[in-house]
file input_10.csv (CSV, C-alpha atoms and all ligand atoms)
chain,number,residue,atom,x,y,z
A,78,MET,CA,-31.8,-17.1,10.7
A,79,PRO,CA,-29.3,-18.8,8.3
A,80,GLU,CA,-29.3,-17.3,4.9
A,81,GLY,CA,-29.2,-19.6,2.0
A,82,VAL,CA,-30.6,-22.2,4.2
A,83,SER,CA,-33.7,-20.4,5.4
A,84,GLU,CA,-33.5,-16.9,4.2
A,85,LYS,CA,-36.7,-17.4,2.3
A,86,ALA,CA,-37.2,-21.1,2.7
A,87,GLY,CA,-37.6,-21.4,6.5
A,88,THR,CA,-35.5,-23.4,8.9
A,89,ARG,CA,-36.6,-26.7,7.4
A,90,GLY,CA,-34.9,-25.8,4.1
A,91,ARG,CA,-38.1,-25.7,2.1
A,92,THR,CA,-37.4,-24.5,-1.3
A,93,THR,CA,-40.5,-22.5,-2.2
A,94,ARG,CA,-40.2,-19.7,-4.6
A,95,ALA,CA,-39.8,-16.2,-3.0
A,96,PRO,CA,-42.7,-13.9,-3.5
A,97,ARG,CA,-41.7,-11.5,-6.3
A,98,ARG,CA,-42.7,-8.4,-4.4
A,99,ARG,CA,-39.4,-6.6,-4.6
A,100,GLU,CA,-38.1,-5.0,-7.7
A,101,ALA,CA,-34.4,-5.3,-8.6
A,102,GLU,CA,-33.7,-2.0,-7.0
A,103,PRO,CA,-35.9,-0.7,-4.1
A,104,VAL,CA,-37.0,2.9,-4.2
A,105,PRO,CA,-35.9,4.9,-1.2
A,106,SER,CA,-38.9,6.2,0.8
A,107,GLU,CA,-38.0,9.6,2.2
A,108,ALA,CA,-35.2,12.1,1.4
A,109,PRO,CA,-32.8,12.4,4.3
A,110,SER,CA,-32.0,15.9,5.8
A,111,PRO,CA,-28.8,17.7,4.9
A,112,GLU,CA,-27.6,17.3,8.5
A,113,GLU,CA,-28.1,13.6,8.4
A,114,LEU,CA,-26.4,13.3,5.0
A,115,ALA,CA,-23.4,15.2,6.5
A,116,ARG,CA,-23.2,12.8,9.4
A,117,VAL,CA,-23.4,9.8,7.1
A,118,ARG,CA,-20.6,11.3,5.0
A,119,GLU,CA,-18.4,11.5,8.0
A,120,ILE,CA,-19.3,8.0,9.1
A,121,LEU,CA,-18.4,6.8,5.6
A,122,ALA,CA,-15.1,8.7,5.6
A,123,ARG,CA,-14.0,7.3,8.9
A,124,LEU,CA,-14.9,3.7,8.0
A,125,ARG,CA,-13.1,4.2,4.6
A,126,GLU,CA,-10.0,5.3,6.4
A,127,LYS,CA,-10.1,2.4,8.9
A,128,TYR,CA,-11.0,-0.2,6.3
A,129,PRO,CA,-9.5,0.8,3.0
A,130,ILE,CA,-9.8,-2.7,1.5
A,131,ALA,CA,-13.4,-3.8,1.6
A,132,ARG,CA,-14.2,-7.0,0.0
A,133,THR,CA,-15.6,-10.4,0.9
A,134,ALA,CA,-13.3,-12.8,2.7
A,135,LEU,CA,-14.9,-15.8,1.0
A,136,HIS,CA,-12.7,-17.5,-1.6
A,137,PHE,CA,-14.2,-17.9,-5.0
A,138,ARG,CA,-13.2,-17.9,-8.7
A,139,THR,CA,-16.6,-17.9,-10.4
A,140,PRO,CA,-20.1,-16.6,-9.6
A,141,LEU,CA,-21.2,-20.2,-8.9
A,142,GLU,CA,-18.5,-20.7,-6.4
A,143,LEU,CA,-19.5,-17.5,-4.6
A,144,LEU,CA,-23.1,-18.5,-4.6
A,145,VAL,CA,-22.2,-21.8,-3.0
A,146,ALA,CA,-19.8,-20.2,-0.5
A,147,THR,CA,-22.4,-17.6,0.5
A,148,ILE,CA,-25.0,-20.3,1.1
A,149,LEU,CA,-22.5,-22.2,3.2
A,150,SER,CA,-21.6,-19.0,5.2
A,151,ALA,CA,-24.9,-18.9,7.0
A,152,GLN,CA,-24.1,-19.3,10.7
A,153,CYS,CA,-20.5,-20.2,9.9
A,154,THR,CA,-17.2,-18.3,9.8
A,155,ASP,CA,-15.7,-17.3,6.4
A,156,GLU,CA,-12.6,-19.1,7.5
A,157,ARG,CA,-14.4,-22.4,8.0
A,158,VAL,CA,-16.2,-22.0,4.7
A,159,ASN,CA,-13.0,-21.4,2.9
A,160,GLN,CA,-11.5,-24.6,4.4
A,161,VAL,CA,-14.5,-26.6,3.2
A,162,THR,CA,-14.7,-25.0,-0.3
A,163,ALA,CA,-11.0,-25.7,-0.9
A,164,THR,CA,-12.0,-29.3,-1.3
A,165,LEU,CA,-15.6,-28.9,-2.5
A,166,PHE,CA,-14.6,-26.7,-5.5
A,167,GLN,CA,-12.1,-29.3,-6.6
A,168,LYS,CA,-14.9,-31.9,-6.8
A,169,TYR,CA,-17.8,-29.9,-8.2
A,170,ARG,CA,-17.0,-27.3,-10.9
A,171,THR,CA,-20.3,-26.6,-12.6
A,172,ALA,CA,-23.9,-26.1,-11.7
A,173,ALA,CA,-24.7,-29.4,-13.4
A,174,ASP,CA,-22.2,-31.2,-11.1
A,175,TYR,CA,-24.0,-29.9,-8.0
A,176,ALA,CA,-27.4,-30.6,-9.5
A,177,ALA,CA,-26.4,-34.3,-10.1
A,178,ALA,CA,-24.5,-34.7,-6.9
A,179,PRO,CA,-25.7,-37.4,-4.5
A,180,LEU,CA,-27.2,-35.5,-1.5
A,181,ARG,CA,-25.4,-37.5,1.1
A,182,GLU,CA,-22.1,-36.9,-0.5
A,183,LEU,CA,-22.7,-33.2,-0.7
A,184,GLN,CA,-23.8,-33.2,3.0
A,185,ARG,CA,-20.7,-35.0,4.0
A,186,LEU,CA,-18.4,-32.6,2.3
A,187,ILE,CA,-20.1,-29.5,3.7
A,188,ARG,CA,-20.8,-30.9,7.2
A,189,PRO,CA,-18.2,-28.7,9.0
A,190,THR,CA,-20.2,-25.6,8.1
A,191,GLY,CA,-23.2,-26.6,10.1
A,192,TYR,CA,-26.9,-26.9,9.0
A,193,TYR,CA,-25.4,-29.2,6.4
A,194,ARG,CA,-28.6,-31.0,5.4
A,195,ASN,CA,-30.5,-27.8,4.6
A,196,LYS,CA,-27.5,-26.2,3.0
A,197,ALA,CA,-26.9,-29.3,0.7
A,198,ARG,CA,-30.6,-29.2,-0.3
A,199,ALA,CA,-30.4,-25.5,-1.0
A,200,ILE,CA,-27.2,-25.7,-3.1
A,201,LYS,CA,-28.6,-28.7,-5.1
A,202,ALA,CA,-32.0,-27.0,-5.7
A,203,ALA,CA,-30.5,-23.7,-6.7
A,204,CYS,CA,-28.1,-25.5,-9.2
A,205,GLN,CA,-30.9,-27.6,-10.6
A,206,LYS,CA,-32.8,-24.3,-11.3
A,207,ILE,CA,-29.6,-22.7,-12.8
A,208,VAL,CA,-29.2,-25.7,-15.2
A,209,ALA,CA,-32.9,-25.8,-16.1
A,210,ASP,CA,-33.6,-22.1,-16.6
A,211,PHE,CA,-30.2,-20.3,-17.1
A,212,GLY,CA,-28.2,-22.7,-19.2
A,213,GLY,CA,-25.9,-23.6,-16.3
A,214,GLU,CA,-24.8,-20.0,-15.7
A,215,VAL,CA,-25.6,-18.1,-12.5
A,216,PRO,CA,-27.9,-15.2,-13.6
A,217,ALA,CA,-26.3,-11.8,-13.3
A,218,THR,CA,-29.6,-10.0,-12.4
A,219,MET,CA,-31.4,-9.6,-9.1
A,220,GLU,CA,-34.6,-10.8,-10.8
A,221,GLY,CA,-32.9,-14.0,-12.0
A,222,LEU,CA,-31.2,-14.7,-8.7
A,223,LEU,CA,-34.4,-14.3,-6.7
A,224,THR,CA,-36.0,-17.2,-8.7
A,225,LEU,CA,-33.4,-19.6,-7.3
A,226,PRO,CA,-34.6,-21.7,-4.3
A,227,GLY,CA,-33.1,-20.5,-1.1
A,228,VAL,CA,-31.7,-17.3,-2.5
A,229,ALA,CA,-33.2,-14.0,-1.3
A,230,ARG,CA,-31.9,-10.4,-1.5
A,231,LYS,CA,-29.0,-10.7,0.8
A,232,THR,CA,-27.4,-13.6,-1.1
A,233,ALA,CA,-28.3,-12.1,-4.4
A,234,ASN,CA,-26.6,-8.8,-3.4
A,235,VAL,CA,-23.5,-10.6,-2.3
A,236,VAL,CA,-23.2,-12.5,-5.7
A,237,LEU,CA,-24.1,-9.5,-7.9
A,238,GLN,CA,-21.7,-7.2,-6.1
A,239,ASN,CA,-18.7,-9.4,-5.5
A,240,ALA,CA,-18.8,-11.7,-8.6
A,241,PHE,CA,-20.3,-9.4,-11.1
A,242,GLY,CA,-19.3,-5.9,-9.7
A,243,ILE,CA,-22.9,-4.7,-9.9
A,244,PRO,CA,-24.0,-2.3,-7.1
A,245,SER,CA,-27.4,-3.9,-6.8
A,246,GLY,CA,-28.1,-2.8,-3.3
A,247,ILE,CA,-26.7,-3.0,0.2
A,248,VAL,CA,-26.1,-6.4,1.9
A,249,VAL,CA,-28.0,-6.3,5.2
A,250,ASP,CA,-26.6,-9.2,7.3
A,251,THR,CA,-26.8,-9.4,11.1
A,252,HIS,CA,-23.8,-7.1,11.5
A,253,VAL,CA,-25.0,-4.4,9.1
A,254,LEU,CA,-28.5,-4.5,10.7
A,255,ARG,CA,-27.1,-4.1,14.3
A,256,VAL,CA,-24.6,-1.4,13.5
A,257,ALA,CA,-27.0,0.6,11.3
A,258,GLN,CA,-29.6,0.5,14.1
A,259,ARG,CA,-27.1,1.6,16.7
A,260,LEU,CA,-25.8,4.4,14.5
A,261,GLY,CA,-29.4,5.6,14.0
A,262,LEU,CA,-29.2,5.0,10.2
A,263,THR,CA,-32.5,3.1,10.4
A,264,THR,CA,-35.4,2.5,12.8
A,265,HIS,CA,-36.5,-0.7,11.1
A,266,ALA,CA,-35.9,-4.3,11.9
A,267,ASP,CA,-37.1,-5.6,8.5
A,268,ARG,CA,-34.0,-6.1,6.4
A,269,ASP,CA,-35.6,-5.0,3.1
A,270,LYS,CA,-36.7,-1.7,4.7
A,271,VAL,CA,-33.3,-1.2,6.3
A,272,GLU,CA,-31.7,-1.7,2.9
A,273,ARG,CA,-33.9,0.9,1.3
A,274,GLU,CA,-33.1,3.4,4.1
A,275,LEU,CA,-29.4,2.8,3.7
A,276,MET,CA,-29.5,3.1,-0.1
A,277,ALA,CA,-31.1,6.5,0.4
A,278,LEU,CA,-28.2,7.6,2.7
A,279,VAL,CA,-25.2,6.1,1.1
A,280,PRO,CA,-23.9,7.1,-2.4
A,281,ARG,CA,-24.5,4.3,-4.9
A,282,GLU,CA,-20.8,4.0,-5.7
A,283,GLU,CA,-20.1,3.1,-2.1
A,284,TRP,CA,-22.9,0.5,-1.6
A,285,ILE,CA,-20.6,-2.5,-2.1
A,286,ALA,CA,-17.8,-1.3,0.1
A,287,PHE,CA,-20.1,0.1,2.8
A,288,SER,CA,-21.6,-3.4,3.4
A,289,HIS,CA,-18.2,-4.9,3.9
A,290,ARG,CA,-17.0,-2.0,6.1
A,291,LEU,CA,-20.0,-2.2,8.4
A,292,ILE,CA,-19.5,-6.0,8.7
A,293,PHE,CA,-15.9,-5.5,9.6
A,294,HIS,CA,-16.8,-2.8,12.1
A,295,GLY,CA,-19.6,-5.0,13.6
A,296,ARG,CA,-17.2,-7.9,14.1
A,297,GLU,CA,-14.3,-5.9,15.5
A,298,THR,CA,-15.8,-3.0,17.5
A,299,CYS,CA,-19.6,-2.8,17.4
A,300,ARG,CA,-20.1,-6.3,18.7
A,301,ALA,CA,-23.4,-7.7,19.4
A,302,ARG,CA,-22.7,-8.0,23.1
A,303,ARG,CA,-20.7,-5.2,24.8
A,304,PRO,CA,-19.9,-2.9,21.9
A,305,LEU,CA,-16.5,-1.3,22.4
A,306,CYS,CA,-17.9,2.3,22.2
A,307,GLY,CA,-14.9,3.7,24.1
A,308,GLN,CA,-12.5,2.7,21.3
A,309,CYS,CA,-14.9,3.3,18.5
A,310,ILE,CA,-14.0,5.7,15.6
A,311,LEU,CA,-17.7,6.5,15.3
A,312,GLN,CA,-18.4,7.3,18.9
A,313,THR,CA,-18.8,11.1,18.4
A,314,LEU,CA,-21.3,10.4,15.5
A,315,CYS,CA,-23.3,7.7,17.2
A,316,PRO,CA,-26.3,8.1,19.5
A,317,TYR,CA,-26.1,4.7,21.0
A,318,PRO,CA,-23.6,5.4,23.9
A,319,GLN,CA,-25.9,8.2,25.1
A,320,LYS,CA,-28.9,6.0,25.0
A,321,THR,CA,-27.2,3.4,27.1
A,322,LYS,CA,-25.9,5.7,29.9
A,401,LIG,S1,-20.1,4.1,19.3
A,401,LIG,FE1,-20.7,2.0,20.1
A,401,LIG,S2,-22.7,1.6,19.3
A,401,LIG,FE2,-21.9,3.3,18.1
A,401,LIG,S3,-20.9,2.3,16.3
A,401,LIG,FE3,-19.3,2.6,17.9
A,401,LIG,S4,-19.3,0.6,19.0
A,401,LIG,FE4,-21.2,0.7,17.8

call {"tool": "encode", "arguments": {"input": "input_10.csv", "output": "structure tokens"}}
result
Amino acid sequence: MPEGVSEKAGTRGRTTRAPRRREAEPVPSEAPSPEELARVREILARLREKYPIARTALHFRTPLELLVATILSAQCTDERVNQVTATLFQKYRTAADYAAAPLRELQRLIRPTGYYRNKARAIKAACQKIVADFGGEVPATMEGLLTLPGVARKTANVVLQNAFGIPSGIVVDTHVLRVAQRLGLTTHADRDKVERELMALVPREEWIAFSHRLIFHGRETCRARRPLCGQCILQTLCPYPQKTK
């Protein structure tokens, strides 16, 4: 389900306010065993070695640009988003610019990213709220970001972590969800619950990089269809190949 378009607003791009059921930082439910923590440490070490540089591939200079780029990245490659934002960010520089932008013009500019009608509505609505409630500046808190139409925890985490350097949680996108499930790091499908479980397993100082590394690993090796288990650096730590024999 495209984040930023429908993460909390549904596929029709509704912009209803998210239920404020989550605190800025979820509390982990159960303490993991020492054996599990040792396995996770080894997983982290191997991923760290393979992906020493772990940061978003989206191009941005400001929190606002990252917010817009993240909304555009739903169901779209980072490369395509970067091509579109190279022009978009020249034209619109402030939240007020997006808030006042004619919807059709915004749609035309972001069309190559797909779902452009919903994405344009989401960007415009979020920026109108930023102008109205936050003086035109993207809020640097989870609580503030979650009040923006179309923004839920995943987008908020991306912005807080990459634009503000705040380890607010763990971004659980489709790759993180799939790889974490296969590695047996979670039994849940609900992303909020998965995030809570991962936060209990991964040291806080690694939260930001861990998300990126799992995404890289999911794209390159632990693919949705036909994961490359035979070439995987985590094979000896992963229960998935045994399950599928
Ligand atoms: S062993 Fe297979 S399922 Fe496990 S992480 Fe590696 S690619 Fe994914």

call {"tool": "closest_residue", "arguments": {"input": "input_10.csv", "among": "A:Leu311, A:Val228, A:Ile187, A:Leu275", "to": "ligand LIG 401 (chain A)", "atoms": "all atoms listed in the file"}}
result
A:Leu311

call {"tool": "atom_distance", "arguments": {"input": "input_10.csv", "atom1": "CA of Leu143 (chain A)", "atom2": "CA of Thr224 (chain A)"}}
result
17.0 Å

call {"tool": "residues_near_ligand", "arguments": {"input": "input_10.csv", "ligand": "ligand LIG 401 (chain A)", "cutoff": "7 Å", "atoms": "only C-alpha atoms and all ligand atoms", "output": "number ranges by chain"}}
result
A: 256, 259-260, 298-300, 304-306, 309-312, 315-318

call {"tool": "write_last_selection", "arguments": {"input": "input_10.csv", "atoms": "C-alpha atoms", "output": "tab-separated table (two decimals), in the coordinates of the input"}}
result
chain	number	residue	atom	x	y	z
A	256	VAL	CA	-24.60	-1.40	13.50
A	259	ARG	CA	-27.10	1.60	16.70
A	260	LEU	CA	-25.80	4.40	14.50
A	298	THR	CA	-15.80	-3.00	17.50
A	299	CYS	CA	-19.60	-2.80	17.40
A	300	ARG	CA	-20.10	-6.30	18.70
A	304	PRO	CA	-19.90	-2.90	21.90
A	305	LEU	CA	-16.50	-1.30	22.40
A	306	CYS	CA	-17.90	2.30	22.20
A	309	CYS	CA	-14.90	3.30	18.50
A	310	ILE	CA	-14.00	5.70	15.60
A	311	LEU	CA	-17.70	6.50	15.30
A	312	GLN	CA	-18.40	7.30	18.90
A	315	CYS	CA	-23.30	7.70	17.20
A	316	PRO	CA	-26.30	8.10	19.50
A	317	TYR	CA	-26.10	4.70	21.00
A	318	PRO	CA	-23.60	5.40	23.90

call {"tool": "residues_around", "arguments": {"input": "input_10.csv", "residues": "Glu156 (chain A)", "least_positions_apart": "4", "cutoff": "8 Å", "atoms": "all atoms listed in the file", "output": "PyMOL selection string"}}
result
chain A and resi 134-135+160

call {"tool": "closest_residue", "arguments": {"input": "input_10.csv", "among": "A:Ala172, A:Ala177, A:Ala197, A:Ile292", "to": "Asp210 (chain A)", "atoms": "only C-alpha atoms"}}
result
A:Ala172

call {"tool": "atom_distance", "arguments": {"input": "input_10.csv", "atom1": "CA of Gln319 (chain A)", "atom2": "CA of Glu274 (chain A)"}}
result
22.7 Å

call {"tool": "residues_near_point", "arguments": {"input": "input_10.csv", "point": "(-10.2, -5.1, -2.0)", "cutoff": "12 Å", "atoms": "all atoms listed in the file", "output": "JSON, numbers by chain"}}
result
{"A": [125, 128, 129, 130, 131, 132, 133, 134, 239, 242, 285, 286, 289, 290]}

call {"tool": "closest_residue", "arguments": {"input": "input_10.csv", "among": "A:Val236, A:Ala266, A:Ala115, A:Ala301", "to": "Leu254 (chain A)", "atoms": "all atoms listed in the file"}}
result
A:Ala266

call {"tool": "atom_distance", "arguments": {"input": "input_10.csv", "atom1": "CA of Lys201 (chain A)", "atom2": "CA of Ala176 (chain A)"}}
result
4.9 Å

call {"tool": "closest_residue", "arguments": {"input": "input_10.csv", "among": "A:Leu186, A:Leu225, A:Ile120, A:Leu114", "to": "Thr313 (chain A)", "atoms": "only C-alpha atoms"}}
result
A:Ile120

call {"tool": "residues_around", "arguments": {"input": "input_10.csv", "residues": "Lys168 (chain A)", "least_positions_apart": "2", "cutoff": "12 Å", "atoms": "only C-alpha atoms", "output": "list in words"}}
result
Glu142, Val161, Thr162, Ala163, Thr164, Leu165, Phe166, Arg170, Thr171, Ala172, Asp174, Tyr175, Ala178, Glu182, Leu183, Leu186 and Ile187 of chain A

call {"tool": "residues_around", "arguments": {"input": "input_10.csv", "residues": "Lys196 (chain A)", "least_positions_apart": "2", "cutoff": "7 Å", "atoms": "all atoms listed in the file", "output": "JSON, numbers by chain"}}
result
{"A": [81, 82, 148, 149, 192, 193, 194, 198, 199, 200]}

call {"tool": "closest_residue", "arguments": {"input": "input_10.csv", "among": "A:Val248, A:Ala108, A:Val215, A:Ala240", "to": "Arg138 (chain A)", "atoms": "all atoms listed in the file"}}
result
A:Ala240

call {"tool": "closest_residue", "arguments": {"input": "input_10.csv", "among": "A:Leu144, A:Ala257, A:Ala151, A:Val271", "to": "Leu222 (chain A)", "atoms": "all atoms listed in the file"}}
result
A:Leu144

call {"tool": "residues_around", "arguments": {"input": "input_10.csv", "residues": "Val208 (chain A)", "least_positions_apart": "4", "cutoff": "8 Å", "atoms": "all atoms listed in the file", "output": "list in words"}}
result
Ala172, Ala173, Ala176, Cys204, Gly212, Gly213 and Glu214 of chain A
